[in-house]
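Asker: This is the structure, below, for whatever I ask next.
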Amino acid sequence: MENAKKRILSGIQPSGDLTLGSYLGAIRNWAALADEYDCYYMMADLHTLTVRQVPAELRRHTLTQVAAYIACGLDPERNVLFIQSHVPAHAQLAWVLDCYTMFGELGRMTQFKDKSAKNADNINAGLFTYPALMAADILLYQADLVPVGGDQKQHVEICRDIAGRFNGLYGDVFKIPEPYIPQVGARVMSLTSPESKMSKSDKDPGGCVYLLERPEDILRKFKKAVTDSDACVRYDPSGKPGVSNLMQIYAAATGRSFEAIEAEFSGKGYGDFKKTVGEAVVELLRPIREETERLLADKAYLESVYRAGAERAARTADRTLSKVYKKVGLLAR
């Protein structure tokens, strides 16, 4: 009997260590979704190759991300956790979809423009065509929903366009996915440049807090976080971006409302405020760091998780790929 639950597919590139932003904005919200949805989460390692990687570091980051997903509450018995490159159908469907994706569509993609500017010496074809691989990631699993931040809706939109074009030619092959934007996910900004999203690719490491970072390093970063000269803890994203970002992080870490935070720090300086936020983040991340380290010491277990995940993912993906190959006229093996 077909699973009645709607299906969710999401993934994060293992191009570096996961950040506090990744956790508060996405991963923490994923754990609760297994009750209601059929959840597939991948380490999007093929996507990392658009930028040159150090091979040993990419392997380490990929394995660490598997462990961190589990430590963040993603039970591998209730969620399909897999490594993208371990399911060949991703690359196979991506090529087919390349042939149904228009050059102009790819040229308009914001991320292509951004990454081209940052990697002017390596503007490769993969950087240009990655939306077709991203569409393959989603469409292989007939995903109903794709969790994205508000700034990533463009990725789902081009996927919907490609799927609609293909379905228009060959019938109802792909489910048209919808973006799933959680109401509760915090958009965490850089501690040193609060106008920019916290990112593991940030050139200033002081602006980014990592999920597995040592407590003393986390506290030091919060101590140096950018605020303003007003010395008043008040939520005002446009007028006080640094303070508002710290308030958002504190609210996400503790469950306190902005009103309660403003009252807690009324008449107090920013030094107390930043120290308290840093300590709250340390305690939030402590069990995740400790459990990730424990899991990384058990390589055999992690290998069993990602191998079983790849087998489960491939069963679903291969059904879709077979249907696509038949529709476009490729001869069955």
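Letters A, B, ... go to the chains of the structure tokens in the order shown; residues in each chain start at 1; ligands are counted from 1 in the same order.
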Would you list the contacts of Tyr210 of chain A as JSON, numbers by chain, taking every protein, DNA or RNA residue within 9 Å and counting only C-alpha atoms, but skipping same-chain residues closer than 3 positions in sequence?
Answerer: {"A": [17, 18, 19, 20, 21, 200, 213, 214, 218]}
Asker: Just the strand (DSSP E) stuff from segment 36-244 of chain A, please, per backbone DSSP, written as an NGL selection string.
Answerer: :A and (37-43 or 79-83 or 145-147 or 178-180)
Asker: Residues of the last selection are to be written out with N, CA and C atoms, as a PDB file, in the first residue's frame.
Answerer:
ATOM      1  N   TYR A  37       5.228  13.580   7.950  1.00  0.00           N
ATOM      2  CA  TYR A  37       5.685  13.436   6.568  1.00  0.00           C
ATOM      3  C   TYR A  37       6.635  12.259   6.397  1.00  0.00           C
ATOM      4  N   ASP A  38       6.784  11.839   5.150  1.00  0.00           N
ATOM      5  CA  ASP A  38       7.760  10.839   4.728  1.00  0.00           C
ATOM      6  C   ASP A  38       9.009  11.630   4.335  1.00  0.00           C
ATOM      7  N   CYS A  39      10.076  11.563   5.148  1.00  0.00           N
ATOM      8  CA  CYS A  39      11.189  12.517   5.033  1.00  0.00           C
ATOM      9  C   CYS A  39      12.463  11.888   4.465  1.00  0.00           C
ATOM     10  N   TYR A  40      13.010  12.547   3.448  1.00  0.00           N
ATOM     11  CA  TYR A  40      14.273  12.165   2.829  1.00  0.00           C
ATOM     12  C   TYR A  40      15.254  13.329   2.998  1.00  0.00           C
ATOM     13  N   TYR A  41      16.409  13.059   3.610  1.00  0.00           N
ATOM     14  CA  TYR A  41      17.415  14.101   3.816  1.00  0.00           C
ATOM     15  C   TYR A  41      18.757  13.610   3.281  1.00  0.00           C
ATOM     16  N   MET A  42      19.356  14.409   2.407  1.00  0.00           N
ATOM     17  CA  MET A  42      20.605  13.957   1.785  1.00  0.00           C
ATOM     18  C   MET A  42      21.763  14.896   2.098  1.00  0.00           C
ATOM     19  N   MET A  43      22.974  14.318   2.049  1.00  0.00           N
ATOM     20  CA  MET A  43      24.201  15.105   2.067  1.00  0.00           C
ATOM     21  C   MET A  43      24.474  15.414   0.595  1.00  0.00           C
ATOM     22  N   ASN A  79      13.573   8.536   9.262  1.00  0.00           N
ATOM     23  CA  ASN A  79      13.939   9.423   8.155  1.00  0.00           C
ATOM     24  C   ASN A  79      14.927   8.688   7.260  1.00  0.00           C
ATOM     25  N   VAL A  80      14.853   8.942   5.960  1.00  0.00           N
ATOM     26  CA  VAL A  80      15.828   8.354   5.036  1.00  0.00           C
ATOM     27  C   VAL A  80      17.012   9.314   4.948  1.00  0.00           C
ATOM     28  N   LEU A  81      18.147   8.930   5.532  1.00  0.00           N
ATOM     29  CA  LEU A  81      19.365   9.748   5.524  1.00  0.00           C
ATOM     30  C   LEU A  81      20.340   9.109   4.536  1.00  0.00           C
ATOM     31  N   PHE A  82      20.742   9.867   3.515  1.00  0.00           N
ATOM     32  CA  PHE A  82      21.595   9.265   2.496  1.00  0.00           C
ATOM     33  C   PHE A  82      22.543  10.295   1.892  1.00  0.00           C
ATOM     34  N   ILE A  83      23.571   9.777   1.231  1.00  0.00           N
ATOM     35  CA  ILE A  83      24.562  10.610   0.560  1.00  0.00           C
ATOM     36  C   ILE A  83      24.201  10.647  -0.922  1.00  0.00           C
ATOM     37  N   LEU A 145       6.882  18.438  -0.940  1.00  0.00           N
ATOM     38  CA  LEU A 145       7.339  19.674  -0.306  1.00  0.00           C
ATOM     39  C   LEU A 145       8.860  19.699  -0.216  1.00  0.00           C
ATOM     40  N   VAL A 146       9.416  20.908  -0.364  1.00  0.00           N
ATOM     41  CA  VAL A 146      10.856  21.097  -0.243  1.00  0.00           C
ATOM     42  C   VAL A 146      11.102  22.215   0.759  1.00  0.00           C
ATOM     43  N   PRO A 147      11.630  21.897   1.960  1.00  0.00           N
ATOM     44  CA  PRO A 147      11.900  22.959   2.941  1.00  0.00           C
ATOM     45  C   PRO A 147      12.988  23.903   2.430  1.00  0.00           C
ATOM     46  N   GLU A 178       6.019  21.814  -3.944  1.00  0.00           N
ATOM     47  CA  GLU A 178       5.745  23.127  -3.367  1.00  0.00           C
ATOM     48  C   GLU A 178       6.876  23.477  -2.399  1.00  0.00           C
ATOM     49  N   PRO A 179       7.246  24.763  -2.318  1.00  0.00           N
ATOM     50  CA  PRO A 179       8.216  25.150  -1.286  1.00  0.00           C
ATOM     51  C   PRO A 179       7.561  25.072   0.092  1.00  0.00           C
ATOM     52  N   TYR A 180       8.295  24.564   1.060  1.00  0.00           N
ATOM     53  CA  TYR A 180       7.793  24.483   2.438  1.00  0.00           C
ATOM     54  C   TYR A 180       8.645  25.429   3.270  1.00  0.00           C
TER      55      TYR A 180
END
Asker: Quick one: residues within 9 Å of Asn245 of chain A, only C-alpha atoms counted, chain neighbours fewer than 2 positions away excluded, as a list in words?
Answerer: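 These residues fall inside the cut-off: Arg187, Val188, Met189, Ser190, Leu191, Pro194, Tyr235, Pro237, Lys240, Pro241, Gly242, Val243, Met247, Gln248, Ile249 and Tyr250 of chain A.
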Asker: Create the file for the chosen residues now, containing N, CA and C atoms and written as a CSV table (one decimal), in the first residue's frame.
Answerer:
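Okay, this is what ended up in part.csv:
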chain,number,residue,atom,x,y,z
A,187,ARG,N,16.0,33.0,10.8
A,187,ARG,CA,16.9,33.4,9.7
A,187,ARG,C,18.1,34.0,10.4
A,188,VAL,N,19.1,33.3,10.7
A,188,VAL,CA,20.3,33.7,11.5
A,188,VAL,C,21.3,34.5,10.6
A,189,MET,N,21.6,35.7,11.1
A,189,MET,CA,22.6,36.5,10.3
A,189,MET,C,24.0,36.4,10.9
A,190,SER,N,24.9,36.9,10.1
A,190,SER,CA,26.3,36.9,10.6
A,190,SER,C,26.5,37.8,11.8
A,191,LEU,N,27.3,37.3,12.8
A,191,LEU,CA,27.6,38.1,14.0
A,191,LEU,C,28.4,39.4,13.7
A,194,PRO,N,25.7,41.8,10.2
A,194,PRO,CA,24.3,41.3,10.4
A,194,PRO,C,23.3,41.6,9.3
A,235,TYR,N,14.0,45.1,19.7
A,235,TYR,CA,13.9,44.4,18.4
A,235,TYR,C,13.5,45.4,17.3
A,237,PRO,N,14.8,45.2,13.3
A,237,PRO,CA,15.7,44.7,12.3
A,237,PRO,C,16.4,45.7,11.4
A,240,LYS,N,18.4,48.4,14.1
A,240,LYS,CA,19.3,47.7,15.0
A,240,LYS,C,19.5,46.3,14.5
A,241,PRO,N,20.2,46.1,13.3
A,241,PRO,CA,20.3,44.7,12.8
A,241,PRO,C,21.1,43.7,13.7
A,242,GLY,N,22.2,44.2,14.3
A,242,GLY,CA,23.0,43.4,15.1
A,242,GLY,C,22.3,42.9,16.3
A,243,VAL,N,21.7,43.8,17.1
A,243,VAL,CA,21.0,43.5,18.3
A,243,VAL,C,19.8,42.6,18.0
A,247,MET,N,18.9,38.9,19.4
A,247,MET,CA,17.6,38.7,20.0
A,247,MET,C,17.0,37.4,19.4
A,248,GLN,N,17.0,37.4,18.0
A,248,GLN,CA,16.4,36.3,17.3
A,248,GLN,C,17.1,35.0,17.7
A,249,ILE,N,18.4,35.0,17.8
A,249,ILE,CA,19.2,33.8,18.2
A,249,ILE,C,18.8,33.4,19.6
A,250,TYR,N,18.7,34.4,20.5
A,250,TYR,CA,18.4,34.1,21.9
A,250,TYR,C,17.0,33.5,22.0
Asker: Using only C-alpha atoms, which of the listed residues (A:Leu139, A:Met109, A:Val173, A:Ala313) sits closest to Arg160 of chain A?
Answerer: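 Using only C-alpha atoms, Arg160 of chain A sits closest to A:Leu139.
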Asker: Using only C-alpha atoms, which residue out of A:Arg286, A:Arg28, A:Lys275, A:Arg234 lies closest to Glu262 of chain A?
Answerer: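 Using only C-alpha atoms, Glu262 of chain A sits closest to A:Arg234.
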Asker: Separation of atom CA of Asp318 of chain A and atom CA of Val96 of chain A, in Å?
Answerer: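 Going from atom CA of Asp318 of chain A over to atom CA of Val96 of chain A, I get 14.0 Å.
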Asker: Please provide as a PDB file with N, CA and C atoms, in the first residue's frame all residues within 6 Å of segment 88-93 of chain A, with the sequence filter that same-chain residues fewer than 2 positions apart are discarded (counting only C-alpha atoms).
Answerer:
ATOM      1  N   TRP A  95      21.079  14.710 -16.219  1.00  0.00           N
ATOM      2  CA  TRP A  95      21.416  14.878 -17.634  1.00  0.00           C
ATOM      3  C   TRP A  95      20.149  14.987 -18.488  1.00  0.00           C
ATOM      4  N   VAL A  96      19.175  14.132 -18.223  1.00  0.00           N
ATOM      5  CA  VAL A  96      17.918  14.207 -18.985  1.00  0.00           C
ATOM      6  C   VAL A  96      17.290  15.590 -18.791  1.00  0.00           C
ATOM      7  N   ALA A 136      16.500  17.321 -10.300  1.00  0.00           N
ATOM      8  CA  ALA A 136      16.535  15.852 -10.258  1.00  0.00           C
ATOM      9  C   ALA A 136      16.450  15.346  -8.833  1.00  0.00           C
ATOM     10  N   ASP A 137      17.179  16.009  -7.908  1.00  0.00           N
ATOM     11  CA  ASP A 137      17.147  15.618  -6.496  1.00  0.00           C
ATOM     12  C   ASP A 137      15.706  15.545  -5.988  1.00  0.00           C
TER      13      ASP A 137
END
Asker: Do you know which residues are at most 12 Å from Thr62 of chain A counting only C-alpha atoms, after dropping those on the same chain fewer than 6 positions away, and could you put them as an mmCIF file with N, CA and C atoms, in the first residue's frame?
Answerer:
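The result, stored in selection-v9.cif:
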data_model
loop_
_atom_site.group_PDB
_atom_site.id
_atom_site.type_symbol
_atom_site.label_atom_id
_atom_site.label_comp_id
_atom_site.auth_asym_id
_atom_site.auth_seq_id
_atom_site.Cartn_x
_atom_site.Cartn_y
_atom_site.Cartn_z
ATOM 1 N N GLY A 11 18.250 18.831 1.511
ATOM 2 C CA GLY A 11 19.655 18.471 1.630
ATOM 3 C C GLY A 11 20.512 19.701 1.862
ATOM 4 N N ILE A 12 21.657 19.494 2.455
ATOM 5 C CA ILE A 12 22.628 20.562 2.683
ATOM 6 C C ILE A 12 23.971 20.075 2.155
ATOM 7 N N GLN A 13 24.702 20.959 1.488
ATOM 8 C CA GLN A 13 26.013 20.581 0.979
ATOM 9 C C GLN A 13 27.006 20.361 2.127
ATOM 10 N N PRO A 14 27.744 19.254 2.090
ATOM 11 C CA PRO A 14 28.774 19.029 3.121
ATOM 12 C C PRO A 14 30.089 19.706 2.730
ATOM 13 N N SER A 15 29.999 20.989 2.366
ATOM 14 C CA SER A 15 31.183 21.721 1.906
ATOM 15 C C SER A 15 31.937 22.359 3.064
ATOM 16 N N GLY A 16 31.406 22.218 4.261
ATOM 17 C CA GLY A 16 32.051 22.763 5.454
ATOM 18 C C GLY A 16 31.265 22.294 6.660
ATOM 19 N N ASP A 17 31.624 22.789 7.822
ATOM 20 C CA ASP A 17 30.915 22.394 9.034
ATOM 21 C C ASP A 17 29.549 23.065 9.092
ATOM 22 N N LEU A 18 28.556 22.338 9.599
ATOM 23 C CA LEU A 18 27.214 22.906 9.751
ATOM 24 C C LEU A 18 27.257 24.071 10.732
ATOM 25 N N MET A 42 19.356 14.409 2.407
ATOM 26 C CA MET A 42 20.605 13.957 1.785
ATOM 27 C C MET A 42 21.763 14.896 2.098
ATOM 28 N N MET A 43 22.974 14.318 2.049
ATOM 29 C CA MET A 43 24.201 15.105 2.067
ATOM 30 C C MET A 43 24.474 15.414 0.595
ATOM 31 N N ALA A 44 24.295 16.655 0.177
ATOM 32 C CA ALA A 44 24.338 17.013 -1.248
ATOM 33 C C ALA A 44 25.776 17.166 -1.724
ATOM 34 N N ASP A 45 26.510 16.051 -1.718
ATOM 35 C CA ASP A 45 27.949 16.117 -2.003
ATOM 36 C C ASP A 45 28.246 16.404 -3.474
ATOM 37 N N LEU A 46 27.386 15.967 -4.400
ATOM 38 C CA LEU A 46 27.633 16.269 -5.813
ATOM 39 C C LEU A 46 27.585 17.775 -6.071
ATOM 40 N N THR A 48 28.611 20.081 -4.179
ATOM 41 C CA THR A 48 29.809 20.779 -3.701
ATOM 42 C C THR A 48 30.874 20.894 -4.779
ATOM 43 N N PRO A 55 39.660 16.784 -1.283
ATOM 44 C CA PRO A 55 38.953 15.501 -1.193
ATOM 45 C C PRO A 55 38.818 14.931 0.218
ATOM 46 N N ALA A 56 39.912 14.921 0.983
ATOM 47 C CA ALA A 56 39.851 14.345 2.334
ATOM 48 C C ALA A 56 38.907 15.151 3.224
ATOM 49 N N ALA A 68 25.975 14.468 12.596
ATOM 50 C CA ALA A 68 25.306 15.648 13.154
ATOM 51 C C ALA A 68 23.796 15.598 12.913
ATOM 52 N N TYR A 69 23.367 15.123 11.742
ATOM 53 C CA TYR A 69 21.936 14.983 11.478
ATOM 54 C C TYR A 69 21.289 14.105 12.553
ATOM 55 N N LEU A 81 18.147 8.930 5.532
ATOM 56 C CA LEU A 81 19.365 9.748 5.524
ATOM 57 C C LEU A 81 20.340 9.109 4.536
ATOM 58 N N PHE A 82 20.742 9.867 3.515
ATOM 59 C CA PHE A 82 21.595 9.265 2.496
ATOM 60 C C PHE A 82 22.543 10.295 1.892
ATOM 61 N N ILE A 83 23.571 9.777 1.231
ATOM 62 C CA ILE A 83 24.562 10.610 0.560
ATOM 63 C C ILE A 83 24.201 10.647 -0.922
ATOM 64 N N GLN A 84 24.057 11.847 -1.453
ATOM 65 C CA GLN A 84 23.564 12.053 -2.818
ATOM 66 C C GLN A 84 24.322 11.214 -3.854
ATOM 67 N N SER A 85 25.646 11.200 -3.791
ATOM 68 C CA SER A 85 26.439 10.498 -4.803
ATOM 69 C C SER A 85 26.305 8.982 -4.717
ATOM 70 N N HIS A 86 25.722 8.471 -3.635
ATOM 71 C CA HIS A 86 25.526 7.028 -3.489
ATOM 72 C C HIS A 86 24.270 6.542 -4.210
ATOM 73 N N LEU A 296 30.776 9.768 15.756
ATOM 74 C CA LEU A 296 31.933 9.728 14.861
ATOM 75 C C LEU A 296 32.961 8.687 15.293
ATOM 76 N N LEU A 302 27.790 4.491 11.482
ATOM 77 C CA LEU A 302 27.473 5.547 10.515
ATOM 78 C C LEU A 302 27.433 4.987 9.097
ATOM 79 N N GLU A 303 28.357 4.082 8.802
ATOM 80 C CA GLU A 303 28.364 3.442 7.474
ATOM 81 C C GLU A 303 27.091 2.647 7.259
ATOM 82 N N TYR A 306 24.234 5.240 6.401
ATOM 83 C CA TYR A 306 24.171 5.840 5.069
ATOM 84 C C TYR A 306 24.027 4.793 3.965
#
